[in-house]
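Undergrad: Okay, so here is structure.txt, and as you'll see once you scroll down, it has compact mmCIF, C-alpha atoms.
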# COMPACT_ATOMS: atom_id res chain seq x y z
CA MET V 1 0.00 0.00 0.00
CA GLN V 2 1.36 3.41 -1.01
CA ILE V 3 1.13 5.72 2.00
CA GLU V 4 1.48 9.42 1.39
CA THR V 5 -1.24 11.24 3.36
CA LEU V 6 -2.98 11.05 6.72
CA SER V 7 -5.94 9.55 4.91
CA ASP V 8 -3.65 6.71 3.84
CA ILE V 9 -2.48 6.31 7.45
CA ILE V 10 -6.07 5.95 8.64
CA ASP V 11 -6.81 3.47 5.86
CA TRP V 12 -3.68 1.50 6.79
CA SER V 13 -4.80 1.47 10.45
CA ARG V 14 -8.26 0.34 9.40
CA GLN V 15 -6.72 -2.51 7.43
CA VAL V 16 -4.53 -3.51 10.39
CA HIS V 17 -7.62 -3.86 12.59
CA GLN V 18 -9.60 -5.67 9.89
CA HIS V 19 -6.75 -8.10 9.22
CA LEU V 20 -6.41 -8.75 12.95
CA ALA V 21 -10.17 -9.38 13.21
CA GLU V 22 -10.06 -11.90 10.38
CA HIS V 23 -6.95 -13.62 11.70
CA VAL V 24 -8.28 -13.98 15.25
CA ALA V 25 -11.68 -15.18 14.01
CA LYS V 26 -10.07 -17.80 11.79
CA ASP V 27 -7.89 -19.11 14.63
CA ALA V 28 -10.83 -19.13 17.07
CA ASP V 29 -12.33 -22.07 15.19
CA ARG V 30 -9.26 -24.13 16.07
CA GLN V 31 -8.94 -22.99 19.71
CA GLN V 32 -9.45 -25.85 22.20
CA ASN V 33 -9.89 -23.71 25.32
CA GLU V 34 -13.49 -22.45 25.52
CA ARG V 35 -12.58 -19.31 27.46
CA ALA V 36 -9.87 -18.43 24.94
CA LYS V 37 -12.31 -19.15 22.11
CA MET V 38 -14.88 -16.76 23.62
CA LEU V 39 -12.15 -14.14 24.05
CA MET V 40 -11.04 -14.54 20.46
CA ASN V 41 -14.58 -14.20 19.14
CA TYR V 42 -15.02 -11.05 21.23
CA LEU V 43 -11.69 -9.63 20.00
CA ALA V 44 -12.52 -10.41 16.39
CA ASP V 45 -15.85 -8.59 16.71
CA HIS V 46 -14.22 -5.68 18.48
CA GLU V 47 -11.45 -5.33 15.88
CA SER V 48 -13.98 -5.47 13.07
CA THR V 49 -16.05 -2.76 14.77
CA LEU V 50 -12.94 -0.63 15.26
CA SER V 51 -12.15 -1.00 11.57
CA GLN V 52 -15.65 0.24 10.72
CA LEU V 53 -15.28 3.17 13.16
CA LEU V 54 -12.06 4.20 11.44
CA LYS V 55 -13.81 4.08 8.06
CA ARG V 56 -16.59 6.33 9.35
CA PHE V 57 -13.99 8.61 10.96
CA GLU V 58 -12.19 8.94 7.66
CA ASP V 59 -15.46 9.67 5.86
CA THR V 60 -16.32 12.55 8.21
CA ALA V 61 -12.92 14.05 9.08
CA ASP V 62 -11.65 17.40 7.79
CA ALA V 63 -10.59 16.87 4.17
CA LYS V 64 -7.68 19.31 4.42
CA ALA V 65 -6.24 17.48 7.41
CA LEU V 66 -6.78 14.09 5.74
CA ASN V 67 -4.91 15.24 2.66
CA THR V 68 -1.88 16.38 4.64
CA TRP V 69 1.24 14.77 3.26
CA CYS V 70 3.31 12.58 5.56
CA TYR V 71 5.38 10.99 2.84
CA GLU V 72 8.72 12.16 4.26
CA PHE V 73 8.01 10.55 7.63
CA ILE V 74 6.78 7.31 6.07
CA SER V 75 9.75 7.05 3.72
CA ASN V 76 12.07 7.23 6.75
CA HIS V 77 9.89 5.04 9.02
CA PRO V 78 8.17 2.28 7.03
CA LEU V 79 4.87 1.17 8.52
CA LYS V 80 5.08 -2.34 9.82
CA ILE V 81 3.08 -3.93 12.52
CA GLU V 82 5.16 -6.12 14.80
CA ALA V 83 6.01 -9.33 13.00
CA GLU V 84 3.07 -11.66 13.08
CA HIS V 85 2.99 -13.78 16.17
CA ARG V 86 5.18 -16.83 16.03
CA ARG V 87 2.36 -19.12 17.04
CA SER V 88 -1.22 -19.30 15.97
CA TYR V 89 -3.73 -17.64 18.29
CA ALA V 90 -5.30 -21.10 18.49
CA GLU V 91 -2.19 -22.25 20.38
CA MET V 92 -2.09 -19.31 22.81
CA GLY V 93 -3.61 -18.85 26.21
CA THR V 94 -5.91 -15.95 26.98
CA GLN V 95 -3.22 -13.65 28.38
CA GLU V 96 -0.92 -14.26 25.41
CA ILE V 97 -3.78 -13.46 23.04
CA ILE V 98 -4.56 -10.20 24.84
CA ASN V 99 -0.87 -9.24 24.95
CA SER V 100 -0.42 -9.89 21.23
CA VAL V 101 -3.47 -7.86 20.22
CA MET V 102 -2.57 -5.03 22.58
CA ALA V 103 0.98 -4.90 21.20
CA LYS V 104 -0.49 -4.14 17.78
CA HIS V 105 -2.73 -1.43 19.23
CA LYS V 106 0.29 0.06 20.98
CA GLN V 107 2.18 0.28 17.70
CA VAL V 108 -0.71 2.09 16.00
CA LEU V 109 -0.94 4.48 18.95
CA GLU V 110 2.79 5.18 18.84
CA LEU V 111 2.50 6.08 15.17
CA TYR V 112 -0.41 8.46 15.82
CA ARG V 113 1.44 10.09 18.73
CA HIS V 114 4.59 10.56 16.71
CA LEU V 115 2.67 12.10 13.83
CA GLU V 116 0.85 14.39 16.27
CA GLU V 117 4.20 15.62 17.61
CA GLN V 118 5.32 16.39 14.06
CA ALA V 119 2.08 18.08 12.98
CA ASP V 120 2.36 21.76 12.22
CA THR V 121 -1.29 22.76 11.90
CA ASN V 122 -4.09 22.72 14.44
CA SER V 123 -6.45 20.78 12.17
CA VAL V 124 -3.92 17.96 11.76
CA LYS V 125 -3.11 17.93 15.49
CA GLU V 126 -6.83 17.79 16.26
CA LEU V 127 -7.42 14.94 13.80
CA LEU V 128 -4.55 12.94 15.29
CA ALA V 129 -5.71 13.70 18.85
CA GLN V 130 -9.12 12.29 17.92
CA LEU V 131 -7.51 9.17 16.47
CA ILE V 132 -5.40 8.74 19.59
CA SER V 133 -8.46 9.12 21.79
CA LEU V 134 -10.43 6.60 19.72
CA GLU V 135 -7.63 4.04 19.76
CA GLU V 136 -6.96 4.50 23.50
CA HIS V 137 -10.63 4.29 24.41
CA GLU V 138 -11.22 1.18 22.33
CA SER V 139 -8.06 -0.47 23.67
CA MET V 140 -9.11 0.19 27.27
CA ARG V 141 -12.62 -1.07 26.59
CA MET V 142 -11.25 -4.20 24.97
CA VAL V 143 -8.89 -4.95 27.88
CA GLN V 144 -11.61 -4.34 30.48
CA SER V 145 -13.98 -6.70 28.70
CA ALA V 146 -11.26 -9.31 28.26
CA ASN V 147 -10.43 -9.07 31.97
CA ARG V 148 -14.08 -9.52 32.87
CA LEU V 149 -14.11 -12.66 30.77
CA GLU V 150 -11.10 -13.91 32.74
CA ASP V 151 -13.08 -13.40 35.97
CA ILE V 152 -15.92 -15.64 34.79
Turn the structure described in the file into structure tokens.

TA:
Amino acid sequence: MQIETLSDIIDWSRQVHQHLAEHVAKDADRQQNERAKMLMNYLADHESTLSQLLKRFEDTADAKALNTWCYEFISNHPLKIEAEHRRSYAEMGTQEIINSVMAKHKQVLELYRHLEEQADTNSVKELLAQLISLEEHESMRMVQSANRLEDI
């Protein structure tokens, strides 16, 4: 994917969450532990919903901010999500699954925060602050729900 603008960054983030949703859902079918399987199904739904939220965010965000170029940053810092887990989610325990998913969220958040630090206009800073807030809120909600599942 060619990434040149903030719109491309949001689309890339959306694809990260959608890919994660699909991957977790696929592995859930092979998970032997029922609690882990329930967690994986929840995470897959949550990631898919987050992907849809990012699409709606992109559709309604300020067009000028979305079209801001970030090519120089991306050319010096290629976007890569932490190498895919070494084991299938179907082979992981609940805490490993949560840690793996949260590591990916952390990487997306770090990208947003770095771009916010580099932003030179208020509209771009505001757009990135909204993305950071969305990602943080959804990550916290996901962890809280996953922890509740652990308590069952």

Undergrad: Which residue, V:Ser133, V:Glu150, V:Ser139, V:Ile10, has the smallest gap to V:His105 when you use all atoms listed in the file?

TA: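 Of V:Ser133, V:Glu150, V:Ser139, V:Ile10, the one nearest V:His105 is V:Ser139, counting all atoms listed in the file.
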
Undergrad: Considering only C-alpha atoms, return as a list in words whatever protein or nucleic-acid residues lie within 10 Å of V:Gln32, sequence-local ones (same chain, fewer than 3 positions apart) excluded.

TA: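 My list of contacting residues is Ala28, Asp29, Arg35, Ala36, Lys37, Ala90, Glu91, Met92 and Gly93 of chain V.
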
Undergrad: Would you mind reading off the distance between atom CA of V:Asn33 and atom CA of V:Ser51, one decimal, in Å?

TA: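 So the two atoms, atom CA of V:Asn33 and atom CA of V:Ser51, lie 26.6 Å apart.
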
Undergrad: If I take atom CA of V:Leu6 and atom CA of V:Leu66, how far is one from the other in Å, to one decimal?

TA: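 Straight-line distance from atom CA of V:Leu6 to atom CA of V:Leu66 works out to 5.0 Å.
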
Undergrad: Ranking V:Ala65, V:Arg113, V:Ser100, V:Ser7 by minimum distance to V:Val143 and counting all atoms listed in the file, which one comes first?

TA: V:Ser100

Undergrad: Report the distance between atom CA of V:Val124 and atom CA of V:Ser48 in Å, rounded to one decimal place.

TA: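 Straight-line distance from atom CA of V:Val124 to atom CA of V:Ser48 works out to 25.5 Å.
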
Undergrad: Give me the residues near V:Phe57 as number ranges by chain, where near means some atom within 10 Å (using all atoms listed in the file) and where sequence neighbours in that chain fewer than 5 positions away do not count.

TA: V: 10, 51-52, 62, 127, 130-131, 134

Undergrad: Using only C-alpha atoms, pick whichever of V:Ile97, V:Leu53, V:Ala63, V:Glu117 has the shortest atom-to-atom distance to V:Val24.

TA: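 Using only C-alpha atoms, the shortest distance to V:Val24 belongs to V:Ile97.
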
Undergrad: Dig up all the protein and nucleic acid residues within 9 Å of (-11.9, -11.4, 18.5) in the file frame, using only C-alpha atoms, and format them as number ranges by chain.

TA: V: 20-25, 28, 37-48

Undergrad: Taking all atoms listed in the file into account, which of V:His137, V:Trp69, V:Arg56, V:His19 comes nearest V:Asp120?

TA: V:Trp69

Undergrad: Restricting the calculation to all atoms listed in the file: of V:Gln95, V:Lys125, V:Leu109, V:Leu115, which residue gets closest to V:Ala146?

TA: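 Distance minimum relative to V:Ala146 lands on V:Gln95.
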
Undergrad: Considering all atoms listed in the file, state which residue in the set V:Gln118, V:Asn147, V:Ser88, V:Ser13 is at the smallest distance from V:Asp27.

TA: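 Among V:Gln118, V:Asn147, V:Ser88, V:Ser13, it is V:Ser88 that comes nearest to V:Asp27.
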